[in-house]
Every structure is written in structure tokens, then in C-alpha cells.
file my_file.txt (compact mmCIF, C-alpha atoms)
# COMPACT_ATOMS: atom_id res chain seq x y z
CA MET E 1 0.00 0.00 0.00
CA ASN E 2 1.51 3.32 -1.07
CA ASP E 3 1.43 6.59 0.88
CA ARG E 4 -1.58 7.91 -1.02
CA GLU E 5 -3.63 4.79 -0.29
CA GLN E 6 -2.59 4.88 3.38
CA LYS E 7 -3.69 8.51 3.73
CA LYS E 8 -6.97 7.71 2.01
CA LEU E 9 -7.60 4.77 4.34
CA LYS E 10 -6.68 6.85 7.40
CA SER E 11 -9.08 9.60 6.32
CA LYS E 12 -11.81 7.03 5.75
CA ASN E 13 -11.29 5.55 9.22
CA LYS E 14 -11.43 9.00 10.84
CA SER E 15 -14.67 9.75 9.03
CA LYS E 16 -16.11 6.45 10.21
CA GLN E 17 -15.05 7.19 13.80
CA ARG E 18 -16.69 10.63 13.65
CA ARG E 19 -19.93 9.12 12.35
CA GLU E 20 -19.90 6.48 15.07
CA ALA E 21 -19.21 9.11 17.73
CA GLN E 22 -22.05 11.29 16.41
CA LYS E 23 -24.38 8.28 16.38
CA ALA E 24 -23.44 7.41 19.95
CA GLU E 25 -23.99 11.02 21.06
CA ARG E 26 -27.43 11.11 19.41
CA ALA E 27 -28.33 7.87 21.17
CA LYS E 28 -27.14 9.29 24.50
CA GLN E 29 -29.20 12.45 24.01
CA ALA E 30 -32.28 10.44 23.07
CA ALA E 31 -31.90 8.24 26.16
CA ALA E 32 -31.46 11.30 28.40
CA GLN E 33 -34.49 13.03 26.90
CA LEU E 34 -36.55 9.88 27.42
CA LEU E 35 -35.67 9.92 31.13
CA VAL E 36 -36.71 13.58 31.36
CA ASN E 37 -39.99 12.83 29.60
CA GLN E 38 -40.67 9.90 31.91
CA ALA E 39 -39.96 12.02 35.00
CA ASN E 40 -42.32 14.73 33.79
CA ALA E 41 -45.01 12.11 33.14
CA VAL E 42 -45.09 11.07 36.81
CA THR E 43 -48.26 12.29 38.49
CA ASP E 44 -46.57 13.04 41.83
CA PRO E 45 -42.79 12.58 42.19
CA LEU E 46 -43.21 12.81 45.97
CA ALA E 47 -45.58 9.85 46.20
CA LYS E 48 -42.67 7.36 46.32
CA PHE E 49 -41.46 8.86 49.58
CA PRO E 50 -44.31 8.94 52.13
CA THR E 51 -41.87 9.20 55.05
CA PHE E 52 -40.51 12.46 53.61
CA VAL E 53 -43.85 14.23 53.40
CA ASN E 54 -43.74 15.53 56.98
CA PHE E 55 -41.29 17.89 58.66
CA ASP E 56 -41.90 18.12 62.40
CA ARG E 57 -39.00 19.69 64.25
CA ASN E 58 -37.66 22.99 65.56
CA GLU E 59 -41.17 24.33 66.21
CA LEU E 60 -42.25 23.66 62.63
CA ASN E 61 -44.98 21.21 61.70
CA CYS E 62 -45.18 21.04 57.92
CA GLN E 63 -46.53 18.81 55.22
CA LEU E 64 -44.95 18.76 51.76
CA ILE E 65 -46.93 18.67 48.53
CA CYS E 66 -45.65 18.47 44.97
CA HIS E 67 -47.59 19.67 41.91
CA ARG E 68 -47.11 20.88 38.38
CA VAL E 69 -47.69 24.60 38.13
CA LYS E 70 -50.97 24.12 36.25
CA GLU E 71 -52.27 21.95 39.13
CA LEU E 72 -51.09 24.26 41.91
CA ASP E 73 -53.60 26.30 43.89
CA PRO E 74 -53.57 29.79 42.27
CA GLU E 75 -53.36 31.42 45.70
CA ILE E 76 -50.27 29.37 46.57
CA LEU E 77 -48.72 30.23 43.22
CA GLN E 78 -49.29 33.95 43.80
CA TRP E 79 -47.82 33.62 47.29
CA ALA E 80 -44.75 31.95 45.78
CA ILE E 81 -44.33 34.74 43.25
CA ASP E 82 -44.67 37.38 45.98
CA LEU E 83 -42.22 35.58 48.29
CA CYS E 84 -39.69 35.22 45.49
CA LYS E 85 -39.90 38.94 44.80
CA LYS E 86 -39.54 39.83 48.47
CA ASN E 87 -36.54 37.56 48.97
CA MET E 88 -34.74 37.93 45.65
CA GLN E 89 -35.44 41.39 44.22
CA PRO E 90 -32.61 42.98 46.25
CA MET E 91 -30.20 40.29 45.01
CA TYR E 92 -31.18 40.85 41.39
CA VAL E 93 -30.89 44.62 41.77
CA LYS E 94 -27.28 44.16 42.94
CA SER E 95 -26.52 41.87 40.02
CA ASN E 96 -25.73 42.63 36.40
CA GLN E 97 -29.13 41.28 35.44
CA GLY E 98 -31.43 43.61 37.35
CA TRP E 99 -34.94 42.69 38.47
CA HIS E 100 -37.43 42.07 35.64
CA GLU E 101 -40.66 41.05 37.30
CA SER E 102 -42.59 40.09 34.17
CA GLU E 103 -39.79 37.76 33.07
CA LYS E 104 -39.61 36.15 36.51
CA VAL E 105 -43.39 35.62 36.61
CA GLU E 106 -43.28 34.10 33.13
CA GLU E 107 -40.50 31.76 34.22
CA MET E 108 -42.38 30.69 37.34
CA THR E 109 -45.62 30.01 35.47
CA GLU E 110 -44.31 28.10 32.44
CA ASP E 111 -45.91 24.71 31.89
CA ALA E 112 -42.62 22.91 32.63
CA ALA E 113 -42.51 24.22 36.21
CA TRP E 114 -42.98 21.93 39.20
CA TYR E 115 -43.51 23.13 42.79
CA LEU E 116 -42.54 21.50 46.06
CA VAL E 117 -44.40 23.38 48.80
CA ALA E 118 -44.28 23.15 52.60
CA LEU E 119 -47.64 23.83 54.26
CA ASP E 120 -48.30 24.46 57.94
CA LYS E 121 -50.33 21.50 59.20
CA VAL E 122 -52.53 23.67 61.44
CA THR E 123 -53.19 26.76 59.34
CA ASN E 124 -52.53 25.19 55.91
CA LYS E 125 -50.57 28.32 55.05
CA PRO E 126 -47.55 27.91 52.75
CA LEU E 127 -44.20 28.42 54.46
CA ALA E 128 -41.61 27.49 51.82
CA PHE E 129 -41.40 26.39 48.21
CA SER E 130 -39.07 25.17 45.52
CA HIS E 131 -39.68 25.78 41.82
CA PHE E 132 -37.90 23.01 39.92
CA ARG E 133 -37.95 21.23 36.58
CA PHE E 134 -36.93 17.93 35.07
CA ASP E 135 -34.98 19.11 32.05
CA MET E 136 -31.98 18.75 29.75
CA ASP E 137 -28.93 20.83 30.64
CA TYR E 138 -25.83 20.71 28.44
CA GLY E 139 -26.95 17.32 27.21
CA ASP E 140 -27.57 15.86 30.68
CA GLU E 141 -30.84 14.82 32.27
CA VAL E 142 -31.16 16.95 35.41
CA LEU E 143 -33.47 18.26 38.06
CA TYR E 144 -32.89 22.01 37.89
CA CYS E 145 -33.79 23.87 41.09
CA TYR E 146 -34.83 27.37 39.99
CA GLU E 147 -35.89 28.59 43.41
CA LEU E 148 -35.77 27.58 47.05
CA GLN E 149 -37.54 30.26 49.08
CA LEU E 150 -38.59 30.26 52.73
CA GLU E 151 -40.55 32.68 54.84
CA GLU E 152 -38.17 34.43 57.23
CA SER E 153 -39.78 32.82 60.28
CA CYS E 154 -38.93 29.33 58.93
CA ARG E 155 -35.24 29.84 58.22
CA ARG E 156 -32.37 28.14 60.03
CA LYS E 157 -34.64 25.39 61.31
CA GLY E 158 -33.64 22.64 58.90
CA LEU E 159 -36.61 22.96 56.54
CA GLY E 160 -34.57 24.24 53.59
CA ARG E 161 -32.04 21.42 53.83
CA PHE E 162 -34.87 18.89 54.21
CA MET E 163 -36.51 20.19 51.04
CA MET E 164 -33.23 19.92 49.14
CA GLN E 165 -32.95 16.31 50.27
CA VAL E 166 -36.45 15.67 48.95
CA LEU E 167 -35.53 17.26 45.60
CA GLU E 168 -32.51 14.96 45.44
CA LEU E 169 -34.66 11.91 46.20
CA MET E 170 -37.08 12.84 43.43
CA ALA E 171 -34.22 13.53 41.01
CA PHE E 172 -32.20 10.40 41.60
CA SER E 173 -35.19 8.06 41.84
CA ASN E 174 -36.10 9.28 38.34
CA GLN E 175 -32.52 8.60 37.16
CA MET E 176 -31.51 12.22 36.69
CA GLN E 177 -27.77 12.72 36.33
CA LYS E 178 -27.62 15.52 38.89
CA VAL E 179 -29.42 18.32 40.70
CA VAL E 180 -28.36 21.73 39.39
CA LEU E 181 -28.96 25.26 40.67
CA THR E 182 -27.71 28.81 40.26
CA VAL E 183 -26.68 31.09 43.12
CA PHE E 184 -25.44 34.69 43.18
CA LYS E 185 -21.86 35.16 44.33
CA HIS E 186 -23.01 38.16 46.39
CA ASN E 187 -25.40 35.91 48.31
CA PRO E 188 -23.06 34.47 50.99
CA ASP E 189 -25.91 32.94 52.97
CA GLY E 190 -27.08 31.07 49.89
CA MET E 191 -23.56 29.96 48.98
CA ASN E 192 -22.90 28.71 52.52
CA PHE E 193 -26.23 26.92 52.67
CA PHE E 194 -25.65 24.96 49.48
CA LYS E 195 -22.08 24.13 50.45
CA LYS E 196 -23.42 22.66 53.70
CA CYS E 197 -25.80 20.64 51.53
CA ARG E 198 -22.68 19.34 49.74
CA TYR E 199 -23.15 21.11 46.44
CA ASP E 200 -20.04 21.83 44.40
CA ILE E 201 -19.18 24.11 41.48
CA ASP E 202 -20.55 22.47 38.35
CA GLU E 203 -18.31 22.07 35.31
CA THR E 204 -20.77 24.19 33.33
CA SER E 205 -20.36 27.16 35.70
CA PRO E 206 -18.88 30.13 33.78
CA GLU E 207 -15.41 31.32 34.72
CA ASP E 208 -14.42 34.97 35.02
CA SER E 209 -11.94 36.30 32.49
CA TYR E 210 -10.41 39.63 31.46
CA GLU E 211 -13.20 40.03 28.92
CA GLU E 212 -16.15 39.04 31.09
CA SER E 213 -17.06 38.44 34.71
CA PHE E 214 -20.07 36.66 36.15
CA ASP E 215 -22.00 37.47 39.33
CA TYR E 216 -23.36 33.95 39.69
CA CYS E 217 -22.13 30.39 39.71
CA ILE E 218 -23.73 27.05 38.94
CA LEU E 219 -23.68 24.37 41.62
CA SER E 220 -24.62 20.73 41.39
CA LYS E 221 -24.77 17.40 43.20
CA LEU E 222 -24.18 14.27 41.15
CA ASN E 223 -26.22 11.11 41.24
CA LYS E 224 -23.55 8.72 42.53
CA MET E 225 -25.49 5.75 41.20
CA LYS E 226 -24.88 6.87 37.60
CA PRO E 227 -21.60 7.25 35.67
CA THR E 228 -20.40 10.82 35.22
CA PRO E 229 -20.60 11.84 31.55
CA LYS E 230 -18.05 13.94 29.72
CA ILE E 231 -19.55 17.31 28.81
CA SER E 232 -18.47 19.19 25.72
CA LEU E 233 -19.30 22.89 25.99

call {"tool": "encode", "arguments": {"input": "my_file.txt", "output": "C-alpha cells"}}
result
Amino acid sequence: MNDREQKKLKSKNKSKQRREAQKAERAKQAAAQLLVNQANAVTDPLAKFPTFVNFDRNELNCQLICHRVKELDPEILQWAIDLCKKNMQPMYVKSNQGWHESEKVEEMTEDAAWYLVALDKVTNKPLAFSHFRFDMDYGDEVLYCYELQLEESCRRKGLGRFMMQVLELMAFSNQMQKVVLTVFKHNPDGMNFFKKCRYDIDETSPEDSYEESFDYCILSKLNKMKPTPKISL
């Protein structure tokens, strides 16, 4: 075989390898999307965990419920929107993004949104909520936690960490690769809280450079029962 034939064969093999790699990536994406679709098809992701429905400690007596946004009581949804504004508007104002209420409301009311809500067992009033979604993120099947918001009177009593544990149970039982969330760098309480919950900087988190800086970072916790994929950004 002469040099020309060798180069031609080498080029042909590389092309074949690229096609096989692309085929494998398409199959991986399809499998991940199927898991997301299956998770979103579950009527109540919390139903598998009856022992994690109640939180009774530190003077709090709560019951957790989990609903799609379209099935959530409109009054609870409005409370969640108002609480998010009260808690997060100052953080957004300090950020490069600014507070855009209409965009936040649209985000919180999209059909893909799920809500985990803690209700007082006596008064039935909502005390805390998480807006989350089963979704694809950089090619991975994830549970993305958009919000975790608590009334001030319920903070530092273990409820927030308990709700994160429930989100993780729902994520990993539905074979999500990881739980992902975004936190402002100028929110030290939030950063410390998620570090205590054993969340680490995700490989998709943007890095500051001379050209651009970011006022947020992306944190995640991996599903240890699944292999860690290689992500190409």
C-alpha cells in the first residue's frame, strides 16, 4: 500500500469514527431526553417517599406537597411569586441582570414548572417552596432547582435542607444525572447553605476572564449511582 492509499484509508477511518461518535452522542441524548420525559409524566414525584412528606422539628410542623404549576392552587402560586420577589429582588438589583418582574413571573408560570411546597399543618398556610424542573442541561438529564424560598420565620430550622434532600430523592429516583442550581456570588448565605448541603461548582459554571465576569455560579450534586458523563461545551 503506497502513501496515497494509506492517507486515504486513514481519512476514511477517521470519518467512520466521527460518524460512530455522532451516532453514539445522538443515542445518549435520546436516552437522556426519554428519562426527562418519563420524569415529567409522573403524576406526583413525591408519592414514592411517604416518610418524607412531613417535617416536624424545631417548632415547625409542615406537610410537603408536589404539583405541576398548572395543578397548583392559584393562591399558593401567587404567594410563591410574591415571596420570590420579596426575597430575591434585592439580590437581582445588585446583580448585572437587574430585576425584571414580568420575566420572573413568566418563568415561574411556564408549563414545565414543578412546585414543592411546605404547608403548615394547622393553618394550611404555605411556608416554603421550591420551583424546579426535570430538564436537559448541556446534554444531561437533570433536576434544575430554579428557586428555594422560605418565609423568614422558617429559616435556620432545617426545613430548607430537608426540602433539598427531597428534591434529590425525586431527582435520583427518576434517574436524573444531577441536581443543578444557580446562586449569586453576592449571596453568601445562599452559597454557605448549598455548600453545607454538599453542592459543588458544576463544570458548566462560567469562569471569570479579562473580557467578562459573572456574578453567579452554577452548583450541582451528582447522582452517585450513575456514571459521570463527559460534557463538551

call {"tool": "closest_residue", "arguments": {"input": "my_file.txt", "among": "E:Ala118, E:Val142, E:Leu148, E:Leu222", "to": "Ile81 in chain E", "atoms": "all atoms listed in the file"}}
result
E:Leu148

call {"tool": "atom_distance", "arguments": {"input": "my_file.txt", "atom1": "CA of Thr182 in chain E", "atom2": "CA of Asp56 in chain E"}}
result
28.4 Å

call {"tool": "closest_atom_pairs", "arguments": {"input": "my_file.txt", "of": "range 81-192 of chain E", "to": "range 200-219 of chain E", "cutoff": "8 Å", "atoms": "all atoms listed in the file", "output": "JSON lines"}}
result
{"residue": "E:Ser95", "atom": "CA", "partner": "E:Asp215", "partner_atom": "CA", "distance": 6.3}
{"residue": "E:Asn96", "atom": "CA", "partner": "E:Asp215", "partner_atom": "CA", "distance": 7.0}
{"residue": "E:Tyr138", "atom": "CA", "partner": "E:Thr204", "partner_atom": "CA", "distance": 7.9}
{"residue": "E:Val180", "atom": "CA", "partner": "E:Leu219", "partner_atom": "CA", "distance": 5.8}
{"residue": "E:Leu181", "atom": "CA", "partner": "E:Leu219", "partner_atom": "CA", "distance": 5.4}
{"residue": "E:Thr182", "atom": "CA", "partner": "E:Ile218", "partner_atom": "CA", "distance": 4.5}
{"residue": "E:Val183", "atom": "CA", "partner": "E:Tyr216", "partner_atom": "CA", "distance": 5.6}
{"residue": "E:Phe184", "atom": "CA", "partner": "E:Tyr216", "partner_atom": "CA", "distance": 4.1}
{"residue": "E:Lys185", "atom": "CA", "partner": "E:Tyr216", "partner_atom": "CA", "distance": 5.0}
{"residue": "E:His186", "atom": "CA", "partner": "E:Asp215", "partner_atom": "CA", "distance": 7.2}

call {"tool": "closest_residue", "arguments": {"input": "my_file.txt", "among": "E:Pro188, E:Ser130, E:Val122, E:Met136", "to": "Arg161 in chain E", "atoms": "only C-alpha atoms"}}
result
E:Ser130

call {"tool": "closest_residue", "arguments": {"input": "my_file.txt", "among": "E:Cys145, E:Leu150, E:Ala32, E:Cys66", "to": "Asp82 in chain E", "atoms": "only C-alpha atoms"}}
result
E:Leu150

call {"tool": "axis_aligned_box", "arguments": {"input": "my_file.txt", "around": "range 124-138 of chain E", "padding_each_side": "4 Å", "output": "JSON"}}
result
{"center_x": -39.2, "center_y": 23.2, "center_z": 42.2, "size_x": 34.7, "size_y": 18.5, "size_z": 35.5}

call {"tool": "closest_residue", "arguments": {"input": "my_file.txt", "among": "E:Val36, E:Leu46, E:Leu60, E:Ala30", "to": "Arg156 in chain E", "atoms": "all atoms listed in the file"}}
result
E:Leu60

call {"tool": "residues_around", "arguments": {"input": "my_file.txt", "residues": "Cys62 in chain E", "least_positions_apart": "4", "cutoff": "7 Å", "atoms": "only C-alpha atoms", "output": "compact mmCIF listing (two decimals) with C-alpha atoms, keeping the file's coordinate frame"}}
result
# COMPACT_ATOMS: atom_id res chain seq x y z
CA ASN E 54 -43.74 15.53 56.98
CA PHE E 55 -41.29 17.89 58.66
CA ASP E 56 -41.90 18.12 62.40
CA ALA E 118 -44.28 23.15 52.60
CA LEU E 119 -47.64 23.83 54.26
CA ASP E 120 -48.30 24.46 57.94
CA LYS E 121 -50.33 21.50 59.20

call {"tool": "closest_residue", "arguments": {"input": "my_file.txt", "among": "E:Met108, E:Met225, E:Cys154, E:Val69", "to": "Asn174 in chain E", "atoms": "all atoms listed in the file"}}
result
E:Met225

call {"tool": "closest_residue", "arguments": {"input": "my_file.txt", "among": "E:Gln63, E:Leu77, E:Glu141, E:Met88", "to": "Thr123 in chain E", "atoms": "all atoms listed in the file"}}
result
E:Gln63

call {"tool": "residues_around", "arguments": {"input": "my_file.txt", "residues": "Asp111 in chain E", "least_positions_apart": "2", "cutoff": "9 Å", "atoms": "only C-alpha atoms", "output": "mmCIF file with C-alpha atoms, in the frame of the given file"}}
result
data_model
loop_
_atom_site.group_PDB
_atom_site.id
_atom_site.type_symbol
_atom_site.label_atom_id
_atom_site.label_comp_id
_atom_site.auth_asym_id
_atom_site.auth_seq_id
_atom_site.Cartn_x
_atom_site.Cartn_y
_atom_site.Cartn_z
ATOM 1 C CA ARG E 68 -47.110 20.880 38.380
ATOM 2 C CA VAL E 69 -47.690 24.600 38.130
ATOM 3 C CA LYS E 70 -50.970 24.120 36.250
ATOM 4 C CA MET E 108 -42.380 30.690 37.340
ATOM 5 C CA THR E 109 -45.620 30.010 35.470
ATOM 6 C CA ALA E 113 -42.510 24.220 36.210
ATOM 7 C CA TRP E 114 -42.980 21.930 39.200
#

call {"tool": "atom_distance", "arguments": {"input": "my_file.txt", "atom1": "CA of Glu107 in chain E", "atom2": "CA of Glu71 in chain E"}}
result
16.1 Å

call {"tool": "atom_distance", "arguments": {"input": "my_file.txt", "atom1": "CA of Leu64 in chain E", "atom2": "CA of Glu151 in chain E"}}
result
14.9 Å

call {"tool": "residues_around", "arguments": {"input": "my_file.txt", "residues": "range 38-45 of chain E", "least_positions_apart": "5", "cutoff": "9 Å", "atoms": "only C-alpha atoms", "output": "PDB file with C-alpha atoms, keeping the file's coordinate frame"}}
result
ATOM      1  CA  GLN E  33     -34.490  13.030  26.900  1.00  0.00           C
ATOM      2  CA  ILE E  65     -46.930  18.670  48.530  1.00  0.00           C
ATOM      3  CA  CYS E  66     -45.650  18.470  44.970  1.00  0.00           C
ATOM      4  CA  HIS E  67     -47.590  19.670  41.910  1.00  0.00           C
ATOM      5  CA  ARG E  68     -47.110  20.880  38.380  1.00  0.00           C
ATOM      6  CA  ALA E 112     -42.620  22.910  32.630  1.00  0.00           C
ATOM      7  CA  ARG E 133     -37.950  21.230  36.580  1.00  0.00           C
ATOM      8  CA  PHE E 134     -36.930  17.930  35.070  1.00  0.00           C
ATOM      9  CA  ASP E 135     -34.980  19.110  32.050  1.00  0.00           C
ATOM     10  CA  MET E 170     -37.080  12.840  43.430  1.00  0.00           C
ATOM     11  CA  ALA E 171     -34.220  13.530  41.010  1.00  0.00           C
ATOM     12  CA  SER E 173     -35.190   8.060  41.840  1.00  0.00           C
ATOM     13  CA  ASN E 174     -36.100   9.280  38.340  1.00  0.00           C
ATOM     14  CA  GLN E 175     -32.520   8.600  37.160  1.00  0.00           C
ATOM     15  CA  MET E 176     -31.510  12.220  36.690  1.00  0.00           C
TER      16      MET E 176
END

call {"tool": "residues_around", "arguments": {"input": "my_file.txt", "residues": "Gln89 in chain E", "least_positions_apart": "4", "cutoff": "7 Å", "atoms": "all atoms listed in the file", "output": "mmCIF file with C-alpha atoms, in the frame of the given file"}}
result
data_model
loop_
_atom_site.group_PDB
_atom_site.id
_atom_site.type_symbol
_atom_site.label_atom_id
_atom_site.label_comp_id
_atom_site.auth_asym_id
_atom_site.auth_seq_id
_atom_site.Cartn_x
_atom_site.Cartn_y
_atom_site.Cartn_z
ATOM 1 C CA LYS E 85 -39.900 38.940 44.800
ATOM 2 C CA VAL E 93 -30.890 44.620 41.770
ATOM 3 C CA TRP E 99 -34.940 42.690 38.470
#
